[in-house]
Amino acid sequence: MKNNKIWRVLLCLGAFFMWSSMLAGCGPAQEQRTTRVDRNGGATEAPASTEGVVVTNDTATRQLTLRDLGSDIETVIAYDATATMTDRYGQERDGSEIEVGEIIEVKYDPSSGKLLATDIPEDVWEYQEVDDYKFDSDESSLSFADRKYKYTDQTFFSSDGKPIEMMEINKQDVLTVRGTGYNVYSVVKSRGHGYIRLSHYKDFIGGMIEVGDSMILPVTKNMLITVGEGSYKVILSKNHSAAVKNVTVHNDKEVTLDFSDYEPADSKVGVITFDIKPAGADLTINGTAVSYRRPIALAYGVYQVKVAMTGYTTYTGTLDVEEKASTVRIDLVEEKADTTKTTAKPSSTSSKTSTDDTDSTTRTKKMDSDHTITVSAPEGAEVYLDNVYKGLAPCTFTKVIGSQTITLRKDGYTTKSYSVDVLDDDQDVKFSFSDLGVKEETAETTATPAP
């Protein structure tokens with residue numbers, strides 16, 4: 001009898017434990033954590049992994065800061081020689097070779113923050129040497145290579161290893177762009193822009209300045225010209241006079257071209273009179289819109305010319321300037337007709353008309369004389385709109401429609417340029433920019449005369 005009671009107790013206990021197990025299985029699932037066991041038998045967390053943009057690489061402390069794709073979350077990870085690191089081609093590399101702006105996938109120990117391995121995800125694309133691109137701030141898009149990509153507030157923009165604003169990218173800059181699919185996560189300014197200031201050049205005001213092979217501008221007072229990094233031959237010309245200097249421009253640096261040693265002489269400069277039909281067509285020389293109401297002084301050489309007007313076939317060709325004075329005639333053909341590209345050659349008939357000191361060849365722009373642009377800050381900075389001086393901030397000037405470059409300069413501070421889009425919206429425009437940083441080097445470089 002006593003044994004039967006014992007068996008009944010044991011059966012009840014067994015049923016109780018089975019019932020408890022069933023209830024536990026029906027309850028909510030518990031988070032499972034995978035652990036590793038070290039050599040001493042202690043449990044440690046499994047490696048963590050993440051994919052993101054490298055926003056800093058401190059080679060002195062050997063630490064990476066990684067920003068998760070599409071978010072503002074950043075992770076600091078230490079690395080040493082024990083980590084396995086490969087580039088996009090699967091080749092091993094050192095942590096110091098990881099560039100700011102790269103998109104990488106990392107595995108690390110979450111308890112120590114130590115890097116275990118890195119590689120480049122297969123779906124990450126990279127375009128280098130991007131120099132033909134367009135930002136559209138209204139739709140947050142970046143177009144290049146005949147495709148349109150999307151950027152966001154989390155997209156990382158950088159120059160010289162430091163973060164910058166998207167507006168600080170100038171059309172003169174060359175970019176490295178990285179992303180996945182149609183999303184841009186990193187834009188690095190691989191080659192930036194600097195500035196050329198002119199001094200002692202009053203004899204050429206109203207003439208033209210050529211910077212390298214791709215830029216030609218009217219010469220105005222207080223010029224500060226934004227150009228891409230590189231070495232250039234700079235030519236100032238007016239009427240039959242010209243002065244030439246060589247210059248090297250570095251990123252975010254200003255170089256001064258001093259023409260105090262200029263002596264008037266009979267130089268190889270041609271005065272070109274354009275006879276364009278129909279009247280009112282737009283003329284561009286080397287990509288810059290110019291007015292041809294009066295003759296234009298150009299140094300001897302070959303120029304790319306385009307003439308366009310609504311309803312007519314656009315003319316494109318080359319202009320070979322090799323005479324002191326000549327006339328170029330271009331007749332546009334209505335769009336229904338068929339035309340081919342030709343080479344414009346100055347005719348043998350010359351025009352003796354020349355510009356005087358008060359006349360200048362100006363870039364054709366759409367002006368809104370009923371509205372203004374105001375730059376209010378940083379206070380006291382020199383303000384330039386597309387290389388033309390407008391005054392000291394705060395200053396107000398006539399509104400110009402379209403994509404513009406606003407450059408801010410102040411003695412002892414770093415010069416900065418901002419790309420802005422001015423809409424044709426019948427409204428005044430106001431800009432206020434952040435303070436300029438103090439210059440690391442205050443000495444200006446003077447360019448040397450060309451041989």
# chains A, B, ... in the order shown; residues from 1 in each chain; ligands from 1
call {"tool": "residues_around", "arguments": {"residues": "region 48-50 of chain A", "least_positions_apart": "2", "cutoff": "6 Å", "atoms": "only C-alpha atoms", "output": "list in words"}}
result
Glu105, Val106, Lys107 and Tyr108 of chain A
call {"tool": "select_by_dssp", "arguments": {"residues": "region 32-126 of chain A", "states": "strand (DSSP E)", "output": "short mmCIF file (atom, residue, chain, number, x, y, z; two decimals) with N, CA, C and O atoms, in the first residue's frame"}}
result
data_model
loop_
_atom_site.label_atom_id
_atom_site.label_comp_id
_atom_site.auth_asym_id
_atom_site.auth_seq_id
_atom_site.Cartn_x
_atom_site.Cartn_y
_atom_site.Cartn_z
N THR A 35 27.24 32.53 -28.45
CA THR A 35 28.47 32.85 -27.72
C THR A 35 29.62 32.00 -28.21
O THR A 35 29.43 30.93 -28.82
N ARG A 36 30.81 32.52 -28.00
CA ARG A 36 32.02 31.76 -28.27
C ARG A 36 32.67 31.42 -26.94
O ARG A 36 32.51 32.14 -25.96
N VAL A 37 33.44 30.37 -26.91
CA VAL A 37 34.16 29.97 -25.71
C VAL A 37 35.64 30.19 -25.95
O VAL A 37 36.20 29.68 -26.92
N ALA A 43 32.91 32.47 -21.76
CA ALA A 43 32.03 32.72 -22.90
C ALA A 43 32.19 34.17 -23.38
O ALA A 43 32.24 35.08 -22.56
N THR A 44 32.29 34.38 -24.69
CA THR A 44 32.36 35.73 -25.28
C THR A 44 31.34 35.84 -26.39
O THR A 44 30.87 34.83 -26.94
N GLU A 45 30.98 37.09 -26.76
CA GLU A 45 29.99 37.31 -27.81
C GLU A 45 30.55 36.95 -29.17
O GLU A 45 31.74 37.05 -29.43
N ALA A 48 30.35 40.62 -34.59
CA ALA A 48 29.29 41.43 -35.18
C ALA A 48 29.75 41.87 -36.57
O ALA A 48 30.94 41.89 -36.87
N SER A 49 28.81 42.22 -37.42
CA SER A 49 29.15 42.69 -38.76
C SER A 49 28.27 43.87 -39.13
O SER A 49 27.13 43.97 -38.67
N THR A 50 28.81 44.75 -39.93
CA THR A 50 28.04 45.90 -40.41
C THR A 50 28.64 46.38 -41.73
O THR A 50 29.80 46.08 -42.05
N GLU A 51 27.85 47.10 -42.48
CA GLU A 51 28.27 47.64 -43.77
C GLU A 51 28.06 49.14 -43.75
O GLU A 51 26.98 49.61 -43.36
N GLY A 52 29.08 49.91 -44.14
CA GLY A 52 28.92 51.35 -44.09
C GLY A 52 30.03 52.09 -44.80
O GLY A 52 30.90 51.51 -45.45
N VAL A 53 29.99 53.43 -44.66
CA VAL A 53 30.96 54.32 -45.29
C VAL A 53 32.03 54.69 -44.28
O VAL A 53 31.72 55.03 -43.13
N VAL A 54 33.28 54.63 -44.70
CA VAL A 54 34.37 55.05 -43.83
C VAL A 54 34.39 56.58 -43.78
O VAL A 54 34.64 57.23 -44.79
N VAL A 55 34.09 57.15 -42.61
CA VAL A 55 34.06 58.61 -42.49
C VAL A 55 35.34 59.17 -41.89
O VAL A 55 35.66 60.34 -42.07
N THR A 56 36.09 58.33 -41.16
CA THR A 56 37.44 58.71 -40.71
C THR A 56 38.30 57.46 -40.66
O THR A 56 37.80 56.36 -40.43
N ASN A 57 39.61 57.66 -40.89
CA ASN A 57 40.59 56.59 -40.69
C ASN A 57 41.79 57.23 -40.00
O ASN A 57 42.64 57.85 -40.66
N ASP A 58 41.83 57.12 -38.68
CA ASP A 58 42.91 57.71 -37.90
C ASP A 58 44.07 56.71 -37.88
O ASP A 58 44.08 55.76 -37.10
N GLN A 63 42.27 53.56 -35.92
CA GLN A 63 40.85 53.41 -35.67
C GLN A 63 40.06 53.87 -36.89
O GLN A 63 40.36 54.90 -37.49
N LEU A 64 39.05 53.09 -37.23
CA LEU A 64 38.10 53.44 -38.29
C LEU A 64 36.79 53.89 -37.67
O LEU A 64 36.36 53.35 -36.65
N THR A 65 36.16 54.91 -38.30
CA THR A 65 34.79 55.26 -37.95
C THR A 65 33.92 54.95 -39.15
O THR A 65 34.16 55.46 -40.24
N LEU A 66 32.93 54.11 -38.93
CA LEU A 66 32.07 53.62 -40.01
C LEU A 66 30.65 54.12 -39.80
O LEU A 66 30.09 53.97 -38.71
N ARG A 67 30.07 54.74 -40.84
CA ARG A 67 28.68 55.18 -40.79
C ARG A 67 27.81 54.17 -41.53
O ARG A 67 28.02 53.92 -42.72
N ASP A 68 26.82 53.62 -40.82
CA ASP A 68 25.93 52.64 -41.44
C ASP A 68 25.24 53.24 -42.67
O ASP A 68 24.86 54.42 -42.66
N GLU A 74 27.12 55.65 -36.24
CA GLU A 74 28.54 55.48 -36.52
C GLU A 74 29.16 54.53 -35.50
O GLU A 74 28.80 54.55 -34.32
N THR A 75 30.09 53.71 -35.97
CA THR A 75 30.77 52.74 -35.12
C THR A 75 32.27 52.95 -35.22
O THR A 75 32.81 53.05 -36.32
N VAL A 76 32.94 53.02 -34.08
CA VAL A 76 34.40 53.16 -34.03
C VAL A 76 35.01 51.79 -33.81
O VAL A 76 34.66 51.08 -32.86
N ILE A 77 35.93 51.42 -34.70
CA ILE A 77 36.53 50.08 -34.65
C ILE A 77 38.05 50.21 -34.72
O ILE A 77 38.58 50.91 -35.58
N ALA A 78 38.74 49.54 -33.80
CA ALA A 78 40.21 49.55 -33.78
C ALA A 78 40.73 48.41 -34.66
O ALA A 78 40.12 47.35 -34.75
N THR A 84 42.10 40.65 -41.08
CA THR A 84 42.17 40.29 -42.50
C THR A 84 41.44 41.36 -43.30
O THR A 84 40.22 41.52 -43.19
N MET A 85 42.19 42.11 -44.10
CA MET A 85 41.61 43.23 -44.85
C MET A 85 41.92 43.07 -46.33
O MET A 85 43.08 42.88 -46.71
N ILE A 103 33.11 52.28 -49.17
CA ILE A 103 32.02 51.50 -48.58
C ILE A 103 32.57 50.09 -48.34
O ILE A 103 32.99 49.41 -49.27
N ILE A 104 32.60 49.67 -47.07
CA ILE A 104 33.16 48.37 -46.73
C ILE A 104 32.22 47.60 -45.80
O ILE A 104 31.35 48.19 -45.16
N GLU A 105 32.43 46.30 -45.76
CA GLU A 105 31.75 45.45 -44.79
C GLU A 105 32.80 44.99 -43.79
O GLU A 105 33.89 44.56 -44.17
N VAL A 106 32.48 45.11 -42.50
CA VAL A 106 33.45 44.74 -41.47
C VAL A 106 32.87 43.69 -40.54
O VAL A 106 31.66 43.64 -40.31
N LYS A 107 33.75 42.86 -40.00
CA LYS A 107 33.42 41.97 -38.89
C LYS A 107 34.32 42.36 -37.73
O LYS A 107 35.53 42.58 -37.93
N TYR A 108 33.73 42.49 -36.54
CA TYR A 108 34.50 42.94 -35.40
C TYR A 108 33.98 42.29 -34.12
O TYR A 108 32.86 41.76 -34.08
N ASP A 109 34.81 42.36 -33.10
CA ASP A 109 34.45 41.83 -31.78
C ASP A 109 33.71 42.92 -31.03
O ASP A 109 34.30 43.94 -30.68
N LYS A 114 37.32 45.48 -31.59
CA LYS A 114 38.49 45.20 -32.41
C LYS A 114 38.08 44.62 -33.75
O LYS A 114 37.23 43.73 -33.83
N LEU A 115 38.70 45.12 -34.82
CA LEU A 115 38.39 44.67 -36.18
C LEU A 115 38.94 43.27 -36.40
O LEU A 115 40.08 42.96 -36.05
N LEU A 116 38.11 42.43 -37.02
CA LEU A 116 38.53 41.07 -37.36
C LEU A 116 38.77 40.91 -38.85
O LEU A 116 39.74 40.27 -39.26
N ALA A 117 37.91 41.52 -39.69
CA ALA A 117 38.05 41.37 -41.15
C ALA A 117 37.26 42.47 -41.86
O ALA A 117 36.27 42.99 -41.33
N THR A 118 37.72 42.83 -43.07
CA THR A 118 36.99 43.76 -43.93
C THR A 118 37.05 43.26 -45.36
O THR A 118 37.99 42.57 -45.76
N ASP A 119 36.02 43.62 -46.13
CA ASP A 119 36.06 43.42 -47.58
C ASP A 119 35.09 44.40 -48.23
O ASP A 119 34.39 45.16 -47.54
N VAL A 124 28.48 46.86 -54.28
CA VAL A 124 28.93 48.25 -54.20
C VAL A 124 29.62 48.64 -55.51
O VAL A 124 30.53 47.95 -55.97
N TRP A 125 29.18 49.75 -56.11
CA TRP A 125 29.83 50.26 -57.32
C TRP A 125 30.63 51.52 -57.00
O TRP A 125 30.40 52.18 -55.98
N GLU A 126 31.57 51.83 -57.87
CA GLU A 126 32.45 52.98 -57.66
C GLU A 126 32.80 53.60 -59.01
O GLU A 126 33.22 52.90 -59.94
#
call {"tool": "residues_around", "arguments": {"residues": "Ala377 (chain A)", "least_positions_apart": "6", "cutoff": "10 Å", "atoms": "only C-alpha atoms", "output": "PyMOL selection string"}}
result
chain A and resi 383+392-395+408+430-436
call {"tool": "write_last_selection", "arguments": {"atoms": "N, CA, C and O atoms", "output": "PDB file, in the first residue's frame"}}
result
ATOM      1  N   VAL A 383      32.277  89.142 -51.704  1.00  0.00           N
ATOM      2  CA  VAL A 383      31.311  88.265 -52.361  1.00  0.00           C
ATOM      3  C   VAL A 383      31.526  88.333 -53.874  1.00  0.00           C
ATOM      4  O   VAL A 383      31.557  89.423 -54.460  1.00  0.00           O
ATOM      5  N   LEU A 392      30.982  93.664 -50.251  1.00  0.00           N
ATOM      6  CA  LEU A 392      31.250  93.022 -48.963  1.00  0.00           C
ATOM      7  C   LEU A 392      29.938  92.622 -48.300  1.00  0.00           C
ATOM      8  O   LEU A 392      28.982  93.400 -48.279  1.00  0.00           O
ATOM      9  N   ALA A 393      29.892  91.415 -47.747  1.00  0.00           N
ATOM     10  CA  ALA A 393      28.677  90.959 -47.069  1.00  0.00           C
ATOM     11  C   ALA A 393      28.462  91.764 -45.778  1.00  0.00           C
ATOM     12  O   ALA A 393      29.417  92.026 -45.050  1.00  0.00           O
ATOM     13  N   PRO A 394      27.212  92.172 -45.508  1.00  0.00           N
ATOM     14  CA  PRO A 394      26.015  91.915 -46.301  1.00  0.00           C
ATOM     15  C   PRO A 394      25.941  92.817 -47.534  1.00  0.00           C
ATOM     16  O   PRO A 394      26.226  94.013 -47.445  1.00  0.00           O
ATOM     17  N   CYS A 395      25.580  92.240 -48.673  1.00  0.00           N
ATOM     18  CA  CYS A 395      25.450  93.017 -49.910  1.00  0.00           C
ATOM     19  C   CYS A 395      24.292  92.469 -50.729  1.00  0.00           C
ATOM     20  O   CYS A 395      23.908  91.307 -50.603  1.00  0.00           O
ATOM     21  N   LEU A 408      33.280  83.304 -51.466  1.00  0.00           N
ATOM     22  CA  LEU A 408      33.445  84.187 -50.308  1.00  0.00           C
ATOM     23  C   LEU A 408      34.919  84.225 -49.927  1.00  0.00           C
ATOM     24  O   LEU A 408      35.559  83.175 -49.785  1.00  0.00           O
ATOM     25  N   LYS A 430      17.808  85.144 -50.678  1.00  0.00           N
ATOM     26  CA  LYS A 430      18.698  85.492 -49.573  1.00  0.00           C
ATOM     27  C   LYS A 430      19.550  84.288 -49.195  1.00  0.00           C
ATOM     28  O   LYS A 430      19.043  83.176 -49.048  1.00  0.00           O
ATOM     29  N   PHE A 431      20.859  84.518 -49.055  1.00  0.00           N
ATOM     30  CA  PHE A 431      21.795  83.474 -48.659  1.00  0.00           C
ATOM     31  C   PHE A 431      22.536  83.909 -47.405  1.00  0.00           C
ATOM     32  O   PHE A 431      22.923  85.074 -47.270  1.00  0.00           O
ATOM     33  N   SER A 432      22.734  82.971 -46.503  1.00  0.00           N
ATOM     34  CA  SER A 432      23.556  83.195 -45.316  1.00  0.00           C
ATOM     35  C   SER A 432      24.441  81.966 -45.144  1.00  0.00           C
ATOM     36  O   SER A 432      23.939  80.860 -44.942  1.00  0.00           O
ATOM     37  N   PHE A 433      25.752  82.149 -45.278  1.00  0.00           N
ATOM     38  CA  PHE A 433      26.683  81.031 -45.231  1.00  0.00           C
ATOM     39  C   PHE A 433      27.424  81.003 -43.896  1.00  0.00           C
ATOM     40  O   PHE A 433      27.490  82.008 -43.182  1.00  0.00           O
ATOM     41  N   SER A 434      27.996  79.852 -43.575  1.00  0.00           N
ATOM     42  CA  SER A 434      28.721  79.692 -42.319  1.00  0.00           C
ATOM     43  C   SER A 434      30.033  80.479 -42.356  1.00  0.00           C
ATOM     44  O   SER A 434      30.531  80.851 -43.426  1.00  0.00           O
ATOM     45  N   ASP A 435      30.595  80.730 -41.178  1.00  0.00           N
ATOM     46  CA  ASP A 435      31.838  81.495 -41.083  1.00  0.00           C
ATOM     47  C   ASP A 435      32.972  80.782 -41.802  1.00  0.00           C
ATOM     48  O   ASP A 435      33.014  79.542 -41.875  1.00  0.00           O
ATOM     49  N   LEU A 436      33.909  81.565 -42.323  1.00  0.00           N
ATOM     50  CA  LEU A 436      35.079  81.014 -42.997  1.00  0.00           C
ATOM     51  C   LEU A 436      36.111  80.578 -41.961  1.00  0.00           C
ATOM     52  O   LEU A 436      36.309  81.245 -40.953  1.00  0.00           O
TER      53      LEU A 436
END
call {"tool": "atom_distance", "arguments": {"atom1": "CA of Val130 (chain A)", "atom2": "CA of Val174 (chain A)"}}
result
5.5 Å
call {"tool": "closest_atom_pairs", "arguments": {"of": "region 49-147 of chain A", "to": "region 413-419 of chain A", "cutoff": "12 Å", "atoms": "only C-alpha atoms", "output": "tab-separated table"}}
result
residue	atom	partner	partner_atom	distance
A:Lys134	CA	A:Ser419	CA	10.8
A:Phe135	CA	A:Ser419	CA	9.5
A:Asp136	CA	A:Ser419	CA	11.0
A:Ser137	CA	A:Ser419	CA	10.6
call {"tool": "closest_atom_pairs", "arguments": {"of": "region 70-130 of chain A", "to": "region 143-153 of chain A", "cutoff": "10 Å", "atoms": "only C-alpha atoms", "output": "CSV"}}
result
residue,atom,partner,partner_atom,distance
A:Gly70,CA,A:Thr152,CA,7.9
A:Ser71,CA,A:Asp153,CA,8.8
A:Asp72,CA,A:Asp153,CA,9.0
A:Tyr127,CA,A:Ala145,CA,9.2
A:Val130,CA,A:Phe144,CA,7.5
call {"tool": "atom_distance", "arguments": {"atom1": "CA of Ser111 (chain A)", "atom2": "CA of Pro47 (chain A)"}}
result
9.0 Å
call {"tool": "select_by_dssp", "arguments": {"residues": "region 116-235 of chain A", "states": "helix (DSSP H, G or I)", "output": "number ranges by chain"}}
result
A: 166-168, 202-204
call {"tool": "write_last_selection", "arguments": {"atoms": "all heavy atoms", "output": "tab-separated table (two decimals), in the first residue's frame"}}
result
chain	number	residue	atom	x	y	z
A	166	MET	N	27.33	69.43	-49.40
A	166	MET	CA	27.14	69.20	-50.83
A	166	MET	C	27.33	70.48	-51.63
A	166	MET	O	27.89	70.47	-52.73
A	166	MET	CB	25.76	68.61	-51.08
A	166	MET	CG	25.49	68.21	-52.52
A	166	MET	SD	24.74	69.54	-53.51
A	166	MET	CE	23.08	69.50	-52.87
A	167	MET	N	26.92	71.64	-51.08
A	167	MET	CA	27.03	72.91	-51.78
A	167	MET	C	28.48	73.33	-52.03
A	167	MET	O	28.73	74.18	-52.87
A	167	MET	CB	26.31	74.02	-50.99
A	167	MET	CG	24.80	73.89	-50.95
A	167	MET	SD	24.07	75.16	-49.88
A	167	MET	CE	24.62	76.65	-50.71
A	168	GLU	N	29.42	72.74	-51.29
A	168	GLU	CA	30.82	73.11	-51.45
A	168	GLU	C	31.47	72.43	-52.66
A	168	GLU	O	32.63	72.67	-52.96
A	168	GLU	CB	31.60	72.78	-50.18
A	168	GLU	CG	31.18	73.62	-48.98
A	168	GLU	CD	31.98	73.29	-47.74
A	168	GLU	OE1	33.21	73.45	-47.77
A	168	GLU	OE2	31.38	72.87	-46.73
A	202	LYS	N	44.86	96.71	-64.82
A	202	LYS	CA	43.83	97.65	-65.26
A	202	LYS	C	43.87	97.90	-66.77
A	202	LYS	O	42.84	98.22	-67.37
A	202	LYS	CB	43.97	98.97	-64.51
A	202	LYS	CG	45.26	99.73	-64.79
A	202	LYS	CD	45.28	101.04	-64.03
A	202	LYS	CE	46.57	101.83	-64.32
A	202	LYS	NZ	46.58	103.12	-63.59
A	203	ASP	N	45.04	97.72	-67.40
A	203	ASP	CA	45.12	97.93	-68.85
A	203	ASP	C	44.30	96.91	-69.63
A	203	ASP	O	44.02	97.12	-70.82
A	203	ASP	CB	46.58	97.85	-69.32
A	203	ASP	CG	47.41	99.04	-68.86
A	203	ASP	OD1	46.79	100.05	-68.47
A	203	ASP	OD2	48.65	98.95	-68.89
A	204	PHE	N	43.91	95.81	-68.98
A	204	PHE	CA	43.18	94.75	-69.68
A	204	PHE	C	41.71	94.69	-69.31
A	204	PHE	O	40.98	93.82	-69.81
A	204	PHE	CB	43.84	93.40	-69.39
A	204	PHE	CG	45.23	93.27	-69.95
A	204	PHE	CD1	46.34	93.50	-69.16
A	204	PHE	CD2	45.41	92.95	-71.29
A	204	PHE	CE1	47.61	93.39	-69.68
A	204	PHE	CE2	46.69	92.85	-71.82
A	204	PHE	CZ	47.80	93.08	-71.01
call {"tool": "atom_distance", "arguments": {"atom1": "CA of Ile373 (chain A)", "atom2": "CA of Val429 (chain A)"}}
result
4.7 Å
call {"tool": "closest_residue", "arguments": {"among": "A:Glu92, A:Glu102, A:Asp331, A:Glu97", "to": "Ala279 (chain A)", "atoms": "only C-alpha atoms"}}
result
A:Asp331
call {"tool": "decode", "arguments": {"residues": "region 274-282 of chain A", "atoms": "all heavy atoms", "output": "tab-separated table (two decimals), in the first residue's frame"}}
result
chain	number	residue	atom	x	y	z
A	274	PHE	N	32.13	89.50	-85.29
A	274	PHE	CA	31.19	88.45	-85.63
A	274	PHE	C	29.97	89.04	-86.33
A	274	PHE	O	29.32	89.96	-85.81
A	274	PHE	CB	30.74	87.69	-84.38
A	274	PHE	CG	31.78	86.73	-83.86
A	274	PHE	CD1	32.71	87.15	-82.92
A	274	PHE	CD2	31.83	85.42	-84.32
A	274	PHE	CE1	33.66	86.28	-82.44
A	274	PHE	CE2	32.77	84.54	-83.84
A	274	PHE	CZ	33.69	84.96	-82.90
A	275	ASP	N	29.67	88.50	-87.52
A	275	ASP	CA	28.47	88.87	-88.27
A	275	ASP	C	27.56	87.65	-88.27
A	275	ASP	O	27.74	86.72	-89.06
A	275	ASP	CB	28.84	89.27	-89.70
A	275	ASP	CG	27.62	89.69	-90.52
A	275	ASP	OD1	26.53	89.83	-89.92
A	275	ASP	OD2	27.75	89.85	-91.74
A	276	ILE	N	26.59	87.62	-87.33
A	276	ILE	CA	25.77	86.44	-87.12
A	276	ILE	C	24.32	86.74	-87.51
A	276	ILE	O	23.74	87.75	-87.09
A	276	ILE	CB	25.85	85.97	-85.66
A	276	ILE	CG1	27.29	85.56	-85.32
A	276	ILE	CG2	24.89	84.82	-85.39
A	276	ILE	CD1	27.49	85.17	-83.88
A	277	LYS	N	23.75	85.85	-88.31
A	277	LYS	CA	22.35	85.95	-88.72
A	277	LYS	C	21.61	84.69	-88.29
A	277	LYS	O	22.15	83.58	-88.44
A	277	LYS	CB	22.25	86.12	-90.24
A	277	LYS	CG	23.03	87.29	-90.81
A	277	LYS	CD	22.51	88.63	-90.33
A	277	LYS	CE	23.31	89.77	-91.00
A	277	LYS	NZ	22.95	91.08	-90.47
A	278	PRO	N	20.38	84.81	-87.77
A	278	PRO	CA	19.65	86.05	-87.50
A	278	PRO	C	20.18	86.75	-86.25
A	278	PRO	O	20.83	86.14	-85.42
A	278	PRO	CB	18.22	85.56	-87.29
A	278	PRO	CG	18.40	84.18	-86.73
A	278	PRO	CD	19.60	83.61	-87.42
A	279	ALA	N	19.87	88.03	-86.17
A	279	ALA	CA	20.30	88.82	-85.01
A	279	ALA	C	19.64	88.26	-83.75
A	279	ALA	O	18.51	87.80	-83.76
A	279	ALA	CB	19.91	90.28	-85.21
A	280	GLY	N	20.39	88.30	-82.65
A	280	GLY	CA	19.86	87.81	-81.38
A	280	GLY	C	20.26	86.39	-81.05
A	280	GLY	O	19.95	85.90	-79.95
A	281	ALA	N	20.95	85.71	-81.97
A	281	ALA	CA	21.42	84.35	-81.67
A	281	ALA	C	22.47	84.40	-80.57
A	281	ALA	O	23.17	85.40	-80.40
A	281	ALA	CB	21.97	83.71	-82.93
A	282	ASP	N	22.58	83.31	-79.81
A	282	ASP	CA	23.55	83.24	-78.72
A	282	ASP	C	24.87	82.67	-79.21
A	282	ASP	O	24.90	81.65	-79.91
A	282	ASP	CB	23.01	82.35	-77.59
A	282	ASP	CG	21.77	82.95	-76.94
A	282	ASP	OD1	21.72	84.18	-76.83
A	282	ASP	OD2	20.88	82.17	-76.54
